[in-house]
>>> print(open('work_15.txt').read())   # compact mmCIF, C-alpha atoms and all ligand atoms
# COMPACT_ATOMS: atom_id res chain seq x y z
CA MET A 1452 184.57 185.58 60.59
CA LYS A 1453 184.55 188.55 58.25
CA ALA A 1454 185.60 191.84 59.79
CA THR A 1455 182.97 194.55 59.93
CA ASP A 1456 183.39 196.91 56.99
CA PHE A 1457 181.71 200.03 55.77
CA THR A 1458 179.01 198.26 53.75
CA ASP A 1459 177.78 196.48 56.88
CA LEU A 1460 177.42 199.75 58.70
CA VAL A 1461 175.87 201.80 55.91
CA GLN A 1462 173.11 199.20 55.47
CA ARG A 1463 171.99 199.86 59.00
CA PHE A 1464 172.90 203.61 59.20
CA ASP A 1465 172.31 205.31 55.85
CA PHE A 1466 173.52 208.71 57.12
CA LEU A 1467 177.14 207.56 57.42
CA THR A 1468 179.86 208.27 54.89
CA GLU A 1469 183.16 206.49 54.71
CA ARG A 1470 186.21 208.30 56.00
CA GLU A 1471 189.74 207.92 54.78
CA SER A 1472 191.77 205.96 57.27
CA ALA A 1473 195.26 204.49 57.41
CA ASP A 1474 194.33 201.78 59.88
CA HIS A 1475 190.87 200.92 61.14
CA LEU A 1476 187.39 201.41 59.81
CA ALA A 1477 186.40 205.07 60.05
CA VAL A 1478 183.12 206.83 59.36
CA ASN A 1479 181.78 210.37 59.22
CA CYS A 1480 178.58 210.96 61.14
CA PRO A 1481 176.42 214.10 61.31
CA ALA A 1482 176.59 215.53 64.83
CA ASP A 1483 172.83 215.33 65.38
CA ARG A 1484 172.78 211.56 64.66
CA LEU A 1485 175.78 210.75 66.84
CA LEU A 1486 173.82 209.72 69.91
CA GLU A 1487 171.56 207.49 67.86
CA LEU A 1488 174.55 205.90 66.14
CA ALA A 1489 176.46 205.31 69.38
CA THR A 1490 173.43 203.79 71.10
CA ALA A 1491 172.89 201.33 68.26
CA LEU A 1492 176.59 200.51 68.00
CA ARG A 1493 176.77 199.77 71.68
CA ASP A 1494 173.51 197.81 72.01
CA GLU A 1495 173.29 196.03 68.66
CA LEU A 1496 176.81 195.78 67.31
CA ALA A 1497 178.62 195.16 70.62
CA TYR A 1498 180.93 198.19 70.47
CA ASP A 1499 181.09 198.13 74.23
CA LEU A 1500 184.28 200.06 74.91
CA LEU A 1501 184.86 203.76 74.34
CA LEU A 1502 188.61 204.21 74.09
CA ASP A 1503 189.06 207.83 73.25
CA VAL A 1504 187.26 211.10 72.73
CA THR A 1505 189.19 213.90 71.14
CA ALA A 1506 188.83 216.62 68.52
CA VAL A 1507 190.62 218.23 65.62
CA ASP A 1508 190.94 221.94 64.94
CA TRP A 1509 191.19 222.52 61.17
CA ASP A 1510 192.07 226.20 61.66
CA ALA A 1511 190.66 228.32 58.83
CA GLU A 1512 188.56 225.62 57.20
CA HIS A 1513 184.87 225.07 57.60
CA PRO A 1514 183.78 223.06 59.52
CA ARG A 1515 186.56 224.03 61.88
CA PHE A 1516 186.12 221.44 64.62
CA THR A 1517 185.71 217.69 64.26
CA GLY A 1518 184.99 215.48 67.24
CA VAL A 1519 186.67 212.08 67.04
CA TYR A 1520 185.62 208.92 68.89
CA HIS A 1521 187.33 205.57 69.05
CA LEU A 1522 185.16 202.56 69.82
CA TYR A 1523 186.17 198.98 70.34
CA THR A 1524 184.28 195.74 70.57
CA THR A 1525 185.59 193.25 73.08
CA GLU A 1526 183.52 190.58 71.34
CA ARG A 1527 184.94 190.78 67.81
CA HIS A 1528 188.10 192.74 68.70
CA GLU A 1529 187.57 195.48 66.15
CA TYR A 1530 188.11 199.21 66.27
CA LEU A 1531 185.83 201.85 64.84
CA ARG A 1532 186.60 205.55 64.48
CA ILE A 1533 183.74 208.01 64.27
CA ALA A 1534 184.23 211.61 63.22
CA ALA A 1535 181.54 214.21 63.71
CA ASN A 1536 181.86 217.77 62.46
CA CYS A 1537 180.67 220.60 64.65
CA THR A 1538 178.28 222.78 62.68
CA ASP A 1539 179.14 225.99 64.53
CA ASP A 1540 182.73 227.23 64.17
CA ILE A 1541 182.47 229.89 66.88
CA GLU A 1542 180.69 227.90 69.59
CA PRO A 1543 181.25 224.26 68.64
CA THR A 1544 178.94 221.75 70.29
CA LEU A 1545 178.47 217.99 70.15
CA PRO A 1546 176.07 215.67 71.98
CA SER A 1547 177.57 214.07 75.09
CA LEU A 1548 178.06 210.31 75.11
CA SER A 1549 178.49 210.21 78.87
CA THR A 1550 175.07 208.64 79.41
CA LEU A 1551 176.04 205.74 77.13
CA TYR A 1552 179.68 205.32 78.08
CA PRO A 1553 180.80 206.49 81.54
CA ALA A 1554 184.31 206.78 80.08
CA ALA A 1555 183.13 209.70 77.98
CA ASN A 1556 182.67 211.87 81.05
CA TRP A 1557 186.30 212.84 81.70
CA HIS A 1558 187.32 212.58 78.05
CA GLU A 1559 184.70 215.14 77.15
CA ARG A 1560 185.76 217.39 79.97
CA GLU A 1561 189.30 217.25 78.66
CA THR A 1562 188.25 218.01 75.10
CA TYR A 1563 186.13 220.87 76.39
CA ASP A 1564 189.04 222.18 78.44
CA LEU A 1565 191.62 222.11 75.68
CA MET A 1566 189.52 222.57 72.53
CA GLY A 1567 186.47 224.39 73.79
CA ILE A 1568 183.86 222.03 72.40
CA ARG A 1569 180.71 222.02 74.52
CA TYR A 1570 179.13 218.62 75.05
CA GLU A 1571 175.40 218.96 75.43
CA GLY A 1572 173.87 216.76 78.09
CA HIS A 1573 177.12 216.32 80.00
CA PRO A 1574 176.43 216.07 83.76
CA ASP A 1575 179.32 218.37 84.77
CA LEU A 1576 181.14 220.06 81.93
CA SER A 1577 183.92 221.76 83.88
CA ARG A 1578 187.61 222.00 83.08
CA ILE A 1579 189.69 219.02 84.05
CA LEU A 1580 193.32 220.04 83.47
CA MET A 1581 193.48 223.82 83.52
CA TRP A 1582 191.94 225.66 86.47
CA ASP A 1583 188.29 226.69 86.42
CA ASP A 1584 188.79 230.39 85.65
CA TYR A 1585 191.29 229.88 82.85
CA PRO A 1586 190.04 231.97 79.93
CA TYR A 1587 191.46 230.06 76.94
CA HIS A 1588 191.36 226.67 75.28
CA PRO A 1589 195.06 225.91 74.79
CA LEU A 1590 194.98 223.28 72.05
CA ARG A 1591 193.19 225.54 69.59
CA LYS A 1592 195.26 226.55 66.61
CA GLU A 1593 195.36 230.25 67.42
CA PHE A 1594 196.69 229.66 70.94
CA PRO A 1595 200.49 230.11 71.17
CA LEU A 1596 202.45 227.24 72.72
CA ALA A 1597 204.16 229.62 75.13
CA GLY A 1598 200.84 230.69 76.60
CA ILE A 1599 199.17 234.03 77.23
CA GLU A 1600 199.53 236.26 80.26
CA THR A 1601 196.76 235.63 82.78
CA PRO A 1602 196.45 236.02 86.54
CA LEU A 1603 197.52 233.13 88.76
CA PRO A 1604 194.61 230.89 89.86
CA ALA A 1605 194.76 232.05 93.50
CA ASP A 1606 194.45 235.80 94.10
CA ASP A 1607 196.08 235.79 97.52
CA VAL A 1608 199.11 233.83 96.34
CA ALA A 1609 199.41 236.13 93.35
CA ALA A 1610 199.28 239.17 95.60
CA GLN A 1611 201.95 237.79 97.93
CA THR A 1612 204.37 236.58 95.31
CA ASN A 1613 203.65 238.89 92.34
CA ALA A 1614 203.62 235.73 90.25
CA LYS A 1615 201.59 235.62 87.07
CA VAL A 1616 200.93 233.17 84.30
CA LEU A 1617 203.39 234.47 81.71
CA PRO A 1618 204.27 233.31 78.22
CA ALA A 1619 207.08 230.78 78.59
CA PRO A 1620 210.42 231.80 77.05
CA MET A 1621 210.59 229.70 73.90
CA MET A 1622 214.35 230.13 73.50
CA GLY A 1623 214.30 229.41 69.81
CA GLY A 1624 211.92 226.49 70.25
CA PRO A 1625 209.82 224.50 69.70
CA PHE A 1626 212.51 221.85 69.63
CA VAL A 1627 212.10 219.36 66.85
CA ALA A 1628 214.03 216.13 66.35
CA PRO A 1629 215.04 215.45 62.74
CA THR A 1630 213.16 212.47 61.35
CA GLU A 1631 215.95 211.45 58.98
CA GLY A 1632 219.52 210.41 59.53
CA PRO A 1633 221.09 208.30 62.27
CA MET A 1634 219.55 208.25 65.75
CA SER A 1635 222.82 209.46 67.22
CA GLN A 1636 222.26 212.79 65.48
CA ALA A 1637 218.56 213.05 66.23
CA GLU A 1638 218.93 215.43 69.14
CA PRO A 1639 215.98 217.85 69.16
CA LEU A 1640 217.08 221.19 67.76
CA ALA A 1641 215.61 224.64 68.11
CA LYS A 1642 214.07 225.96 64.90
CA ASP A 1643 215.56 229.36 65.59
CA GLU A 1644 219.03 229.09 67.07
CA SER A 1645 219.73 232.80 67.14
CA TRP A 1646 217.92 233.34 70.42
CA THR A 1647 219.41 234.84 73.50
CA GLU A 1648 217.45 234.71 76.69
CA LYS A 1649 216.43 238.20 77.65
CA GLU A 1650 216.36 239.46 81.19
CA GLU A 1651 212.81 239.22 82.45
CA ASN A 1652 211.31 242.29 84.08
CA GLN A 1653 209.58 241.33 87.27
CA MET B 870 245.04 218.46 106.53
CA ILE B 871 243.19 218.91 109.79
CA GLN B 872 240.88 221.89 109.61
CA GLN B 873 240.70 224.21 112.49
CA ASN B 874 237.33 224.11 114.14
CA THR B 875 236.42 227.73 114.55
CA SER B 876 232.96 227.32 115.97
CA VAL B 877 234.01 225.58 119.19
CA GLY B 878 236.86 226.58 121.45
CA TYR B 879 237.64 223.74 123.83
CA ASP B 880 240.69 223.03 125.85
CA SER B 881 240.20 220.36 128.48
CA LYS B 882 243.14 221.68 130.54
CA VAL B 883 241.69 225.13 130.84
CA GLU B 884 237.95 224.63 130.71
CA GLY B 885 237.45 221.18 132.19
CA GLU B 886 234.05 219.97 131.06
CA VAL B 887 232.89 223.31 129.78
CA ILE B 888 232.76 224.16 126.08
CA VAL B 889 232.79 227.77 125.04
CA THR B 890 230.98 228.64 121.84
CA ARG B 891 228.49 231.03 120.31
CA ALA B 892 224.72 230.63 120.40
CA ASP B 893 224.65 230.85 116.60
CA SER B 894 227.06 227.95 116.26
CA VAL B 895 225.11 225.71 118.59
CA ILE B 896 221.75 226.52 117.06
CA ASN B 897 223.04 226.09 113.52
CA TRP B 898 224.81 222.87 114.43
CA ILE B 899 221.60 221.45 115.85
CA ARG B 900 219.52 222.64 112.91
CA LYS B 901 221.77 221.45 110.16
CA HIS B 902 222.05 217.95 111.50
CA SER B 903 218.35 217.46 111.89
CA VAL B 904 216.81 218.68 108.67
CA TRP B 905 213.33 217.25 108.26
CA PRO B 906 212.59 217.28 104.55
CA MET B 907 209.15 217.32 103.08
CA PRO B 908 209.04 215.55 99.71
CA MET B 909 207.07 217.69 97.28
CA GLY B 910 207.16 215.01 94.61
CA LEU B 911 205.41 216.23 91.49
CA ALA B 912 206.91 214.28 88.60
CA CYS B 913 209.73 211.99 87.54
CA CYS B 914 212.33 213.65 89.81
CA ALA B 915 210.45 212.29 92.79
CA ILE B 916 211.61 208.82 91.82
CA GLU B 917 215.22 209.91 92.26
CA LEU B 918 214.25 211.54 95.53
CA MET B 919 212.90 208.18 96.68
CA ALA B 920 216.13 206.53 95.55
CA ALA B 921 218.08 209.03 97.63
CA GLY B 922 216.06 207.96 100.64
CA GLY B 923 216.57 204.26 99.93
CA SER B 924 219.33 202.03 101.24
CA ARG B 925 221.67 202.41 98.28
CA PHE B 926 222.16 206.16 98.64
CA ASP B 927 220.85 206.54 102.17
CA ILE B 928 220.19 210.19 102.87
CA SER B 929 220.20 209.41 106.59
CA ARG B 930 224.01 209.29 106.60
CA PHE B 931 223.85 213.08 106.62
CA GLY B 932 221.15 213.55 109.21
CA MET B 933 218.18 214.44 107.07
CA GLU B 934 216.27 211.24 106.57
CA VAL B 935 213.16 212.11 108.52
CA MET B 936 210.89 212.65 105.52
CA ARG B 937 207.57 213.97 106.67
CA PHE B 938 204.54 214.27 104.47
CA SER B 939 203.00 216.91 106.67
CA PRO B 940 204.35 220.45 106.28
CA ARG B 941 203.82 221.05 110.00
CA GLN B 942 206.47 218.48 110.82
CA ALA B 943 209.01 219.48 108.21
CA ASP B 944 211.41 222.36 107.68
CA CYS B 945 212.86 221.71 104.22
CA MET B 946 210.68 221.40 101.17
CA ILE B 947 212.26 219.41 98.35
CA VAL B 948 210.38 220.39 95.21
CA ALA B 949 210.99 217.41 92.96
CA GLY B 950 209.20 217.71 89.67
CA THR B 951 207.28 219.83 87.20
CA VAL B 952 205.31 222.64 88.79
CA THR B 953 202.18 223.58 86.90
CA TYR B 954 200.45 226.89 87.42
CA LYS B 955 197.58 225.01 88.97
CA MET B 956 199.95 223.40 91.48
CA ALA B 957 201.82 226.64 92.26
CA GLU B 958 199.08 227.74 94.60
CA VAL B 959 199.22 224.46 96.50
CA ILE B 960 203.00 224.66 96.87
CA ARG B 961 202.78 228.15 98.26
CA ARG B 962 200.12 227.15 100.77
CA ILE B 963 202.07 224.12 101.91
CA TYR B 964 205.19 226.24 102.22
CA GLU B 965 203.31 228.70 104.40
CA GLN B 966 202.24 225.89 106.72
CA MET B 967 205.81 224.84 107.41
CA ALA B 968 207.32 226.04 110.67
CA GLU B 969 210.14 228.61 110.65
CA PRO B 970 213.02 228.36 109.99
CA LYS B 971 212.41 226.64 106.67
CA TRP B 972 214.31 226.02 103.47
CA VAL B 973 213.47 225.02 99.93
CA VAL B 974 215.46 222.87 97.53
CA ALA B 975 214.48 223.02 93.85
CA MET B 976 215.36 219.60 92.53
CA GLY B 977 215.81 219.19 88.80
CA ALA B 978 215.44 221.32 85.71
CA CYS B 979 211.66 221.57 86.00
CA ALA B 980 211.52 222.89 89.52
CA SER B 981 214.45 225.22 88.89
CA THR B 982 213.40 226.76 85.57
CA GLY B 983 210.44 224.95 84.08
CA GLY B 984 212.87 222.61 82.35
CA MET B 985 211.84 221.36 78.97
CA TYR B 986 208.23 222.41 79.54
CA ARG B 987 208.22 225.76 77.83
CA SER B 988 204.48 225.76 77.72
CA TYR B 989 201.34 227.55 78.78
CA ALA B 990 200.75 225.26 81.76
CA THR B 991 204.12 225.14 83.51
CA LEU B 992 205.46 227.58 86.06
CA GLN B 993 208.92 228.59 84.83
CA GLY B 994 210.74 227.93 88.08
CA VAL B 995 209.34 227.36 91.54
CA ASP B 996 211.32 230.38 92.79
CA ARG B 997 208.48 232.51 91.45
CA VAL B 998 206.27 231.44 94.32
CA VAL B 999 208.61 230.28 97.11
CA PRO B 1000 212.17 231.39 98.02
CA VAL B 1001 214.62 228.70 96.92
CA ASP B 1002 217.86 228.01 98.82
CA VAL B 1003 219.54 225.42 96.62
CA TYR B 1004 218.96 224.53 92.97
CA VAL B 1005 219.93 221.10 91.68
CA SER B 1006 220.63 220.72 87.98
CA GLY B 1007 219.79 217.58 86.04
CA CYS B 1008 216.85 215.93 84.40
CA PRO B 1009 216.55 214.11 86.69
CA PRO B 1010 219.47 214.82 89.04
CA ARG B 1011 221.12 211.66 90.31
CA PRO B 1012 220.62 210.90 94.00
CA GLU B 1013 224.25 211.90 94.61
CA ALA B 1014 223.44 215.33 93.21
CA LEU B 1015 220.56 215.66 95.64
CA LEU B 1016 222.76 214.56 98.52
CA ASP B 1017 225.32 217.14 97.45
CA ALA B 1018 222.63 219.79 97.36
CA MET B 1019 221.44 218.82 100.81
CA MET B 1020 224.99 219.10 102.13
CA LYS B 1021 225.24 222.53 100.50
CA LEU B 1022 222.06 223.40 102.31
CA GLN B 1023 223.64 222.23 105.56
CA ASP B 1024 226.61 224.52 104.90
CA LYS B 1025 224.20 227.34 104.25
CA ILE B 1026 222.31 226.66 107.47
CA GLY B 1027 225.67 226.64 109.24
CA ARG B 1028 226.34 230.20 108.09
CA GLU B 1029 223.03 231.68 109.18
CA ASN B 1030 222.65 234.28 111.88
CA ALA B 1031 220.28 232.15 113.89
CA VAL B 1032 219.86 234.44 116.89
CA LYS B 1033 219.42 237.59 114.84
CA ASP B 1034 216.95 235.86 112.53
CA LEU B 1035 215.02 234.55 115.50
CA LYS B 1036 214.71 238.06 116.91
CA ALA B 1037 213.65 239.45 113.54
CA THR B 1038 211.05 236.71 113.13
CA ASN B 1039 209.68 237.37 116.58
CA GLU B 1040 209.42 241.05 115.82
CA VAL B 1041 207.51 240.33 112.65
CA LEU B 1042 205.25 237.94 114.51
CA ALA B 1043 204.69 240.43 117.32
CA ALA B 1044 203.55 242.98 114.75
CA THR B 1045 201.20 240.47 113.10
CA PRO B 1046 197.79 240.39 114.74
CA GLY B 1047 196.74 236.88 115.73
CA ALA B 1048 200.20 235.33 115.41
CA ARG B 1049 201.77 233.65 118.41
CA VAL B 1050 205.32 234.59 119.30
CA GLY B 1051 207.49 231.50 119.60
CA ALA B 1052 210.57 230.82 121.64
S1 LIG C 1 213.63 217.75 85.59
FE1 LIG C 1 213.37 215.99 84.21
S2 LIG C 1 213.20 214.23 85.58
FE2 LIG C 1 212.81 216.07 86.80
S3 LIG C 1 210.61 216.36 86.79
FE3 LIG C 1 211.47 217.55 85.10
S4 LIG C 1 211.32 216.22 83.33
FE4 LIG C 1 211.12 214.93 85.16
>>> encode(input="work_15.txt", output="structure tokens")
Amino acid sequence: MKATDFTDLVQRFDFLTERESADHLAVNCPADRLLELATALRDELAYDLLLDVTAVDWDAEHPRFTGVYHLYTTERHEYLRIAANCTDDIEPTLPSLSTLYPAANWHERETYDLMGIRYEGHPDLSRILMWDDYPYHPLRKEFPLAGIETPLPADDVAAQTNAKVLPAPMMGGPFVAPTEGPMSQAEPLAKDESWTEKEENQ
Amino acid sequence: MIQQNTSVGYDSKVEGEVIVTRADSVINWIRKHSVWPMPMGLACCAIELMAAGGSRFDISRFGMEVMRFSPRQADCMIVAGTVTYKMAEVIRRIYEQMAEPKWVVAMGACASTGGMYRSYATLQGVDRVVPVDVYVSGCPPRPEALLDAMMKLQDKIGRENAVKDLKATNEVLAATPGARVGA
């Protein structure tokens, strides 16, 4: 049996464009047609498994955010990657697939938590990893790895212990393992080795 | 070399069946040989903690095998794993529910300093929310290292001023409205 390729899909969905991909079939889809596409893929083309929902932050480019979906068909054993650009760079939104695929529910909450993309029609779009009052979306490009000072989630614990969410000491990091050379010398190294850990003021 | 036992003075010729000692020594001796740990297993280190409790390493040889998953029945919290900021609150609340006197062991790099997680989500050392008595290095520490730490904790318990601390605690409790003064 011939594997599904782009020409098969574009015959049925003329709004798709092909997307460069190193492995599986990948398509670009306008955000407002995503729900329609996913419904048809699930009901007509047997893409019955949603494997992953994630997003990309392209930093200064427009469109800045791209939602990425990985579908799989347990009938033909094929993968399909769908990318949908968010039209708004400041308040990115995408339609929620949680009514089609229950798996989308927590995936979308995670993407909302870390990337700040709002999924319209989601039954409960709350944070899933960070705590509810956390003010940032940590996987966005402008967010520093070390974090930003914020109050601790619980006020009473914060008052008792004087603990705060503080930027982590990076100590010359992030630590990157060299990709070349023998494995025995591939110990992760700090990019900046001149650091000295400073005394923290409590 | 035989060490002189300074905490108990006993001479069967003189005292018969009476042992003379100090209240501190007796209380500490009782406490240190019946540590009831509470496993606060949060990540990979907890696996080594389980190994320490298993037959191969056998933490019960040292009198601290009674692992209790309820803070009300435990007096030593072993924080084994990565502490996120979201979890910090929970750890503090569980710590507060433990009965006095209580101790905390920070097991592994993560619990001691945040370890390799220099990130926005990880508390950089559990000592920022609870007072830690013993830190164990390693990622993860081997069960022997944990056993060593627990024996260090026993030494530390053995040096405490139990009676004085008890009085101080009772004074604090007496000054706290709603708190019940214990023994
Ligand atoms: S110190 Fe190492 S083994 Fe222990 S919890 Fe952290 S990463 Fe895991």
>>> atom_distance(input="work_15.txt", atom1="CA of Ala1497 (chain A)", atom2="CA of Leu1476 (chain A)")
15.3 Å
>>> atom_distance(input="work_15.txt", atom1="CA of Gly1624 (chain A)", atom2="CA of Met956 (chain B)")
24.6 Å
>>> residues_near_ligand(input="work_15.txt", ligand="ligand LIG 1 (chain C)", cutoff="10 Å", atoms="all atoms listed in the file", output="PyMOL selection string")
chain B and resi 910-918+948-952+975-986+1005-1011
>>> closest_atom_pairs(input="work_15.txt", of="chain A", to="chain B", cutoff="8 Å", atoms="all atoms listed in the file", output="Markdown table")
| residue | atom | partner | partner_atom | distance |
| --- | --- | --- | --- | --- |
| A:Met1581 | CA | B:Lys955 | CA | 6.9 |
| A:Trp1582 | CA | B:Lys955 | CA | 6.2 |
| A:Pro1589 | CA | B:Tyr989 | CA | 7.6 |
| A:Leu1596 | CA | B:Ser988 | CA | 5.6 |
| A:Ala1597 | CA | B:Ser988 | CA | 4.7 |
| A:Gly1598 | CA | B:Tyr989 | CA | 3.9 |
| A:Ile1599 | CA | B:Tyr989 | CA | 7.0 |
| A:Leu1603 | CA | B:Tyr954 | CA | 7.0 |
| A:Pro1604 | CA | B:Lys955 | CA | 6.6 |
| A:Ala1605 | CA | B:Glu958 | CA | 6.2 |
| A:Val1608 | CA | B:Glu958 | CA | 6.3 |
| A:Thr1612 | CA | B:Val998 | CA | 5.6 |
| A:Ala1614 | CA | B:Arg997 | CA | 6.0 |
| A:Val1616 | CA | B:Tyr954 | CA | 7.0 |
| A:Leu1617 | CA | B:Tyr989 | CA | 7.8 |
| A:Pro1618 | CA | B:Tyr989 | CA | 6.5 |
| A:Ala1619 | CA | B:Arg987 | CA | 5.2 |
| A:Pro1620 | CA | B:Arg987 | CA | 6.5 |
| A:Met1621 | CA | B:Arg987 | CA | 6.0 |
>>> closest_residue(input="work_15.txt", among="A:Leu1492, A:Ile1568, A:Leu1522, A:Leu1486", to="Val1507 (chain A)", atoms="all atoms listed in the file")
A:Ile1568
>>> residues_around(input="work_15.txt", residues="Asp1465 (chain A)", least_positions_apart="5", cutoff="12 Å", atoms="only C-alpha atoms", output="PyMOL selection string")
chain A and resi 1457-1460+1478-1481+1484+1488
>>> residues_near_point(input="work_15.txt", point="(214.2, 219.1, 115.8)", cutoff="12 Å", atoms="all atoms listed in the file", output="PyMOL selection string")
chain B and resi 896-906+932-933+935+942-945+968-971
>>> write_last_selection(input="work_15.txt", atoms="C-alpha atoms", output="mmCIF file, in the frame of the given file")
data_model
loop_
_atom_site.group_PDB
_atom_site.id
_atom_site.type_symbol
_atom_site.label_atom_id
_atom_site.label_comp_id
_atom_site.auth_asym_id
_atom_site.auth_seq_id
_atom_site.Cartn_x
_atom_site.Cartn_y
_atom_site.Cartn_z
ATOM 1 C CA ILE B 896 221.750 226.520 117.060
ATOM 2 C CA ASN B 897 223.040 226.090 113.520
ATOM 3 C CA TRP B 898 224.810 222.870 114.430
ATOM 4 C CA ILE B 899 221.600 221.450 115.850
ATOM 5 C CA ARG B 900 219.520 222.640 112.910
ATOM 6 C CA LYS B 901 221.770 221.450 110.160
ATOM 7 C CA HIS B 902 222.050 217.950 111.500
ATOM 8 C CA SER B 903 218.350 217.460 111.890
ATOM 9 C CA VAL B 904 216.810 218.680 108.670
ATOM 10 C CA TRP B 905 213.330 217.250 108.260
ATOM 11 C CA PRO B 906 212.590 217.280 104.550
ATOM 12 C CA GLY B 932 221.150 213.550 109.210
ATOM 13 C CA MET B 933 218.180 214.440 107.070
ATOM 14 C CA VAL B 935 213.160 212.110 108.520
ATOM 15 C CA GLN B 942 206.470 218.480 110.820
ATOM 16 C CA ALA B 943 209.010 219.480 108.210
ATOM 17 C CA ASP B 944 211.410 222.360 107.680
ATOM 18 C CA CYS B 945 212.860 221.710 104.220
ATOM 19 C CA ALA B 968 207.320 226.040 110.670
ATOM 20 C CA GLU B 969 210.140 228.610 110.650
ATOM 21 C CA PRO B 970 213.020 228.360 109.990
ATOM 22 C CA LYS B 971 212.410 226.640 106.670
#
>>> axis_aligned_box(input="work_15.txt", around="region 1487-1504 of chain A", padding_each_side="3 Å", output="JSON")
{"center_x": 180.3, "center_y": 203.1, "center_z": 70.5, "size_x": 23.5, "size_y": 21.9, "size_z": 14.8}
>>> decode(input="work_15.txt", residues="region 947-952 of chain B", atoms="all heavy atoms", output="compact mmCIF listing (two decimals), in the first residue's frame")
# COMPACT_ATOMS: atom_id res chain seq x y z
N ILE B 947 13.48 12.62 55.45
CA ILE B 947 14.59 12.44 54.50
C ILE B 947 14.11 13.00 53.17
O ILE B 947 13.27 12.40 52.50
CB ILE B 947 14.97 10.96 54.36
CG1 ILE B 947 15.36 10.38 55.72
CG2 ILE B 947 16.13 10.82 53.37
CD1 ILE B 947 15.76 8.93 55.68
N VAL B 948 14.63 14.17 52.80
CA VAL B 948 14.22 14.77 51.54
C VAL B 948 15.10 14.17 50.45
O VAL B 948 16.28 14.50 50.34
CB VAL B 948 14.35 16.31 51.56
CG1 VAL B 948 13.80 16.89 50.29
CG2 VAL B 948 13.63 16.87 52.75
N ALA B 949 14.52 13.29 49.66
CA ALA B 949 15.29 12.58 48.65
C ALA B 949 14.77 12.97 47.28
O ALA B 949 13.81 12.41 46.78
CB ALA B 949 15.16 11.07 48.86
N GLY B 950 15.41 13.96 46.69
CA GLY B 950 15.00 14.31 45.33
C GLY B 950 14.95 15.80 45.07
O GLY B 950 15.28 16.62 45.91
N THR B 951 14.53 16.13 43.86
CA THR B 951 14.49 17.49 43.37
C THR B 951 13.28 18.22 43.97
O THR B 951 12.16 17.74 43.85
CB THR B 951 14.36 17.48 41.84
OG1 THR B 951 15.20 16.46 41.33
CG2 THR B 951 14.73 18.80 41.25
N VAL B 952 13.52 19.35 44.59
CA VAL B 952 12.42 20.10 45.18
C VAL B 952 12.05 21.26 44.26
O VAL B 952 12.84 22.17 44.07
CB VAL B 952 12.81 20.65 46.57
CG1 VAL B 952 11.60 21.27 47.22
CG2 VAL B 952 13.37 19.54 47.43
